[in-house]
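> Sharing a structure below in structure tokens format, with a few things to ask.
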Amino acid sequence: MTMLMERVGLLGPLRGAIDAGLPTLATCAGMIVLAREVSDGMRDQAGLGLLDIAVRRNGYGRQVDSFEADIDVAGLEGKPFHAVFIRSPLVESTGNVEVIATHEGHPVAVRQSNILALCFHPELTKDLRLHRLFLKTTAKVIS
Amino acid sequence: MAESNGYKVVKGSFKVKAGLAQMLKGGVIMDVVTAEHAKIAQDSGACAVMALERVPADIRKEGGVARMSDPTLIRSIMEAVTIPVMAKCRIGHFVEAQILEELGIDYIDESEVLTPADEEFHIDKHPFKVPFVCGCRDLGEALRRIAEGAAMIRTKGEAGTGNVVEAVRHARAVNAGIRKLQGMNKAELVHEAKLLGAPLELLVECQKLGRLPVVNFAAGGIATPADAALMMQLGVDGVFVGSGIFKSEEPLKMAKAIVAATTYFDKPEVLAEVSAGLGKAMHGLEIPAIPKEELLAARGW
């Protein structure tokens, strides 16, 4: 993804915009693009380096290991959030970010100022609570 | 099933299988026959690769029974790249599918490009943890495959010809089939389900969505950036390119151009730019020049 963004000249402007405070919801590959450190990627895979986490690409395994699981997300009311993980990155360590959900001991949702980053795909379920949480607490466009 | 935070973890569900295809949308899946090819495909921006021993153009030329590829080759390709790797099994050959699942392949193409192993039944794809993509020529065929558990659909086109005409025919047929459902009442849908030989509930879903319920790619004869963009403008979600890349004069250049054309399919100014100076595309075949018994799209039931 970063390779394609670089090819069309999107990488620099995007880094600038997010760094300047553009509210950003990152899912799965988007989390990898933002991460400070990426392992098991392509050689010379260099992302935006804006999010203080280290991730391992396909860290949960290949597609046969992709999974669904409920998770508890801090700030979400009601039932647990049903999360769909597709060849998901594994968050191996975190720095100055707020971890708002974990799965089997690893962070799967983190927040850092204008960025909300998720290992899973909230767009594959009909539950809009995470999108609302993003708009409310990260983008601050709804109350 | 493992437990986590007291919640159960489910692998291999239809949601997870169809979900991977969602992530490939807007991308190009390229046929590769070596680890070296796979790296070129990845560097060009392919969203996935299809690992096989011979590209369809060579299968067509050499004849004989075409089977699942050697696991050694498939493994070497899986090790060479970080993007998803797909592989083909013969229609109805559920043991080849079991072997591919065991190898940890990311998607199985139950493909008419290989010699069918069963002339009546396709694989029951539901029990597998690994997702399947299947070819179709029209809506009925697409929905029958989905009923059997396919999590992704592609047009059959006519593989190995470098001729896009059959892929266009099949994409248009699927579109027309879905348009025909719009405005049908329940009784008419029941009748249509009978005609298509497909389950009523899938017709109802197509009617509601105005499209197939799973991701739908184009395949079979796409050889140039313009071909890829043509298929995208006809409404498919992405493209497979088989022989078109590694049978062209400059594979990396052609591959990058097809990736760009698939992204910017509705921007003629970009298409004009990326189509220039690519060298020779693969040599194509006229469909009427192919003996009827050698047409691959007719395989599948």
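To be explicit about the labels: the chains of the structure tokens are called A, B, and onward in the order shown, and within each one the residues are counted from 1, while ligands get numbers from 1 in the order they are shown.
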So that each row is one residue of chain A with an atom at most 6 Å from chain B, can you give its shortest atom pair and the distance in Å to one decimal, using only C-alpha atoms, rows by chain and rising number, as a Markdown table?


```
| residue | atom | partner | partner_atom | distance |
| --- | --- | --- | --- | --- |
| A:Gln63 | CA | B:Asp106 | CA | 4.9 |
| A:Val64 | CA | B:Val130 | CA | 5.4 |
| A:Ser66 | CA | B:Lys11 | CA | 5.9 |
| A:Phe67 | CA | B:Lys11 | CA | 4.4 |
| A:Glu68 | CA | B:Val10 | CA | 5.1 |
| A:Ala69 | CA | B:Val9 | CA | 4.8 |
| A:Asp70 | CA | B:Tyr7 | CA | 5.9 |
| A:Glu104 | CA | B:Ser4 | CA | 5.5 |
```

> Which of chain A counts as helix (DSSP H, G or I) under DSSP, as JSON, numbers by chain please?

{"A": [2, 3, 4, 5, 6, 7, 11, 12, 13, 14, 15, 16, 17, 18, 19, 29, 30, 31, 32, 33, 34, 63, 64, 65, 122, 123, 124, 129, 130, 131, 132, 133, 134, 135, 136, 137, 138]}

> Do a neighbour search on A:Val99 at 10 Å with only C-alpha atoms, toss out local chain neighbours closer than 2 positions, and write the hits as a list in words.

Val73, Ala74, Thr94, Gly95, Asn96, Val97, Ala101, Thr102, His106, Pro107, Val108, Ala109, Val110, Arg111, Gln112, Leu116 and Ala117 of chain A

> May I have the residues from that selection written out with N, CA and C atoms, as a PDB file, in the first residue's frame?


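result09.pdb, written as the output of this step:
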```pdb
ATOM      1  N   VAL A  73     -14.243  -3.026  24.209  1.00  0.00           N
ATOM      2  CA  VAL A  73     -13.571  -1.795  23.813  1.00  0.00           C
ATOM      3  C   VAL A  73     -13.886  -0.710  24.837  1.00  0.00           C
ATOM      4  N   ALA A  74     -12.834  -0.105  25.407  1.00  0.00           N
ATOM      5  CA  ALA A  74     -13.038   0.967  26.383  1.00  0.00           C
ATOM      6  C   ALA A  74     -13.783   2.117  25.723  1.00  0.00           C
ATOM      7  N   THR A  94       3.817  -1.279  22.163  1.00  0.00           N
ATOM      8  CA  THR A  94       3.238   0.045  22.007  1.00  0.00           C
ATOM      9  C   THR A  94       4.054   1.047  22.805  1.00  0.00           C
ATOM     10  N   GLY A  95       4.090   2.265  22.339  1.00  0.00           N
ATOM     11  CA  GLY A  95       4.762   3.333  23.064  1.00  0.00           C
ATOM     12  C   GLY A  95       3.713   4.253  23.662  1.00  0.00           C
ATOM     13  N   ASN A  96       3.740   5.485  23.219  1.00  0.00           N
ATOM     14  CA  ASN A  96       2.880   6.497  23.796  1.00  0.00           C
ATOM     15  C   ASN A  96       1.488   6.516  23.143  1.00  0.00           C
ATOM     16  N   VAL A  97       0.777   5.377  23.267  1.00  0.00           N
ATOM     17  CA  VAL A  97      -0.590   5.310  22.744  1.00  0.00           C
ATOM     18  C   VAL A  97      -1.512   4.778  23.830  1.00  0.00           C
ATOM     19  N   ALA A 101      -8.495  -1.708  23.392  1.00  0.00           N
ATOM     20  CA  ALA A 101      -9.004  -3.081  23.349  1.00  0.00           C
ATOM     21  C   ALA A 101      -7.844  -4.040  23.144  1.00  0.00           C
ATOM     22  N   THR A 102      -7.983  -5.237  23.741  1.00  0.00           N
ATOM     23  CA  THR A 102      -6.959  -6.269  23.555  1.00  0.00           C
ATOM     24  C   THR A 102      -7.636  -7.581  23.178  1.00  0.00           C
ATOM     25  N   HIS A 106      -2.820  -9.107  23.384  1.00  0.00           N
ATOM     26  CA  HIS A 106      -2.212  -8.124  22.487  1.00  0.00           C
ATOM     27  C   HIS A 106      -3.196  -6.995  22.177  1.00  0.00           C
ATOM     28  N   PRO A 107      -2.693  -5.753  22.084  1.00  0.00           N
ATOM     29  CA  PRO A 107      -3.582  -4.645  21.730  1.00  0.00           C
ATOM     30  C   PRO A 107      -4.177  -4.861  20.337  1.00  0.00           C
ATOM     31  N   VAL A 108      -5.463  -4.555  20.167  1.00  0.00           N
ATOM     32  CA  VAL A 108      -6.079  -4.640  18.840  1.00  0.00           C
ATOM     33  C   VAL A 108      -6.754  -3.323  18.455  1.00  0.00           C
ATOM     34  N   ALA A 109      -6.801  -2.373  19.398  1.00  0.00           N
ATOM     35  CA  ALA A 109      -7.323  -1.036  19.087  1.00  0.00           C
ATOM     36  C   ALA A 109      -6.538  -0.038  19.919  1.00  0.00           C
ATOM     37  N   VAL A 110      -5.953   0.939  19.237  1.00  0.00           N
ATOM     38  CA  VAL A 110      -5.161   1.942  19.953  1.00  0.00           C
ATOM     39  C   VAL A 110      -5.522   3.348  19.479  1.00  0.00           C
ATOM     40  N   ARG A 111      -5.325   4.305  20.384  1.00  0.00           N
ATOM     41  CA  ARG A 111      -5.636   5.685  20.056  1.00  0.00           C
ATOM     42  C   ARG A 111      -4.417   6.551  20.363  1.00  0.00           C
ATOM     43  N   GLN A 112      -4.148   7.472  19.479  1.00  0.00           N
ATOM     44  CA  GLN A 112      -3.035   8.417  19.708  1.00  0.00           C
ATOM     45  C   GLN A 112      -3.447   9.739  19.070  1.00  0.00           C
ATOM     46  N   LEU A 116      -7.138   6.807  15.375  1.00  0.00           N
ATOM     47  CA  LEU A 116      -7.701   5.593  15.980  1.00  0.00           C
ATOM     48  C   LEU A 116      -7.334   4.453  15.046  1.00  0.00           C
ATOM     49  N   ALA A 117      -6.579   3.473  15.538  1.00  0.00           N
ATOM     50  CA  ALA A 117      -6.111   2.386  14.678  1.00  0.00           C
ATOM     51  C   ALA A 117      -6.575   1.044  15.205  1.00  0.00           C
TER      52      ALA A 117
END
```

> What is the distance between atom CA of B:His93 and atom CA of B:Asp109, in Å to one decimal?

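Atom CA of B:His93 sits 11.3 Å away from atom CA of B:Asp109.
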
> How close does stretch 45-120 of chain A get to stretch 129-141 of chain A? List, as a Markdown table, each residue of stretch 45-120 of chain A within 8 Å, its nearest atom pair and the distance in Å to one decimal, counting only C-alpha atoms.


```
| residue | atom | partner | partner_atom | distance |
| --- | --- | --- | --- | --- |
| A:Gly75 | CA | A:Leu133 | CA | 7.6 |
| A:Leu76 | CA | A:Arg129 | CA | 7.0 |
| A:Ser113 | CA | A:Thr138 | CA | 7.0 |
| A:Asn114 | CA | A:Thr138 | CA | 5.4 |
| A:Ile115 | CA | A:Thr138 | CA | 6.7 |
| A:Leu116 | CA | A:Phe134 | CA | 6.8 |
```

> Write down as number ranges by chain the residues of stretch 38-138 of chain A whose backbone DSSP state falls under strand (DSSP E or B).

A: 38-39, 51-56, 67-71, 81-85, 90-94, 98-103, 106-112, 115-118

> Since we have the selection now, will you write its residues out, keeping C-alpha atoms, as a compact mmCIF listing (two decimals), in the first residue's frame?


```
# COMPACT_ATOMS: atom_id res chain seq x y z
CA VAL A 38 6.85 -2.98 10.76
CA SER A 39 8.27 -6.49 10.75
CA LEU A 51 1.77 5.84 15.23
CA ASP A 52 3.87 4.72 18.19
CA ILE A 53 3.41 0.95 17.81
CA ALA A 54 5.42 -1.95 16.40
CA VAL A 55 3.42 -4.40 14.28
CA ARG A 56 4.11 -7.73 12.64
CA PHE A 67 -10.94 -15.15 12.75
CA GLU A 68 -13.93 -13.51 14.38
CA ALA A 69 -14.05 -12.75 18.10
CA ASP A 70 -15.87 -10.50 20.52
CA ILE A 71 -13.73 -7.87 22.22
CA PHE A 81 -17.84 -5.52 19.86
CA HIS A 82 -17.81 -8.35 17.32
CA ALA A 83 -14.48 -7.97 15.51
CA VAL A 84 -13.44 -9.58 12.20
CA PHE A 85 -9.69 -10.10 11.78
CA LEU A 90 -0.17 -8.27 15.38
CA VAL A 91 0.67 -5.35 17.65
CA GLU A 92 3.92 -6.46 19.31
CA SER A 93 4.65 -3.38 21.37
CA THR A 94 3.24 0.05 22.01
CA GLU A 98 -3.77 4.50 24.60
CA VAL A 99 -4.77 0.82 24.24
CA ILE A 100 -8.57 0.64 24.15
CA ALA A 101 -9.00 -3.08 23.35
CA THR A 102 -6.96 -6.27 23.55
CA HIS A 103 -7.29 -9.82 22.29
CA HIS A 106 -2.21 -8.12 22.49
CA PRO A 107 -3.58 -4.65 21.73
CA VAL A 108 -6.08 -4.64 18.84
CA ALA A 109 -7.32 -1.04 19.09
CA VAL A 110 -5.16 1.94 19.95
CA ARG A 111 -5.64 5.69 20.06
CA GLN A 112 -3.03 8.42 19.71
CA ILE A 115 -5.50 8.59 15.15
CA LEU A 116 -7.70 5.59 15.98
CA ALA A 117 -6.11 2.39 14.68
CA LEU A 118 -7.67 -1.09 14.63
```

> Between atom CA of B:Lys253 and atom CA of A:Asn58, what distance in Å does the model show, to one decimal?

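Calculated distance between atom CA of B:Lys253 and atom CA of A:Asn58 is 28.0 Å.
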
> Counting only C-alpha atoms, which residue out of B:Pro291, B:Gly162, B:Gly300, B:Gly183 sits closest to B:Ser248?

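Closest to B:Ser248, using only C-alpha atoms: B:Gly162.
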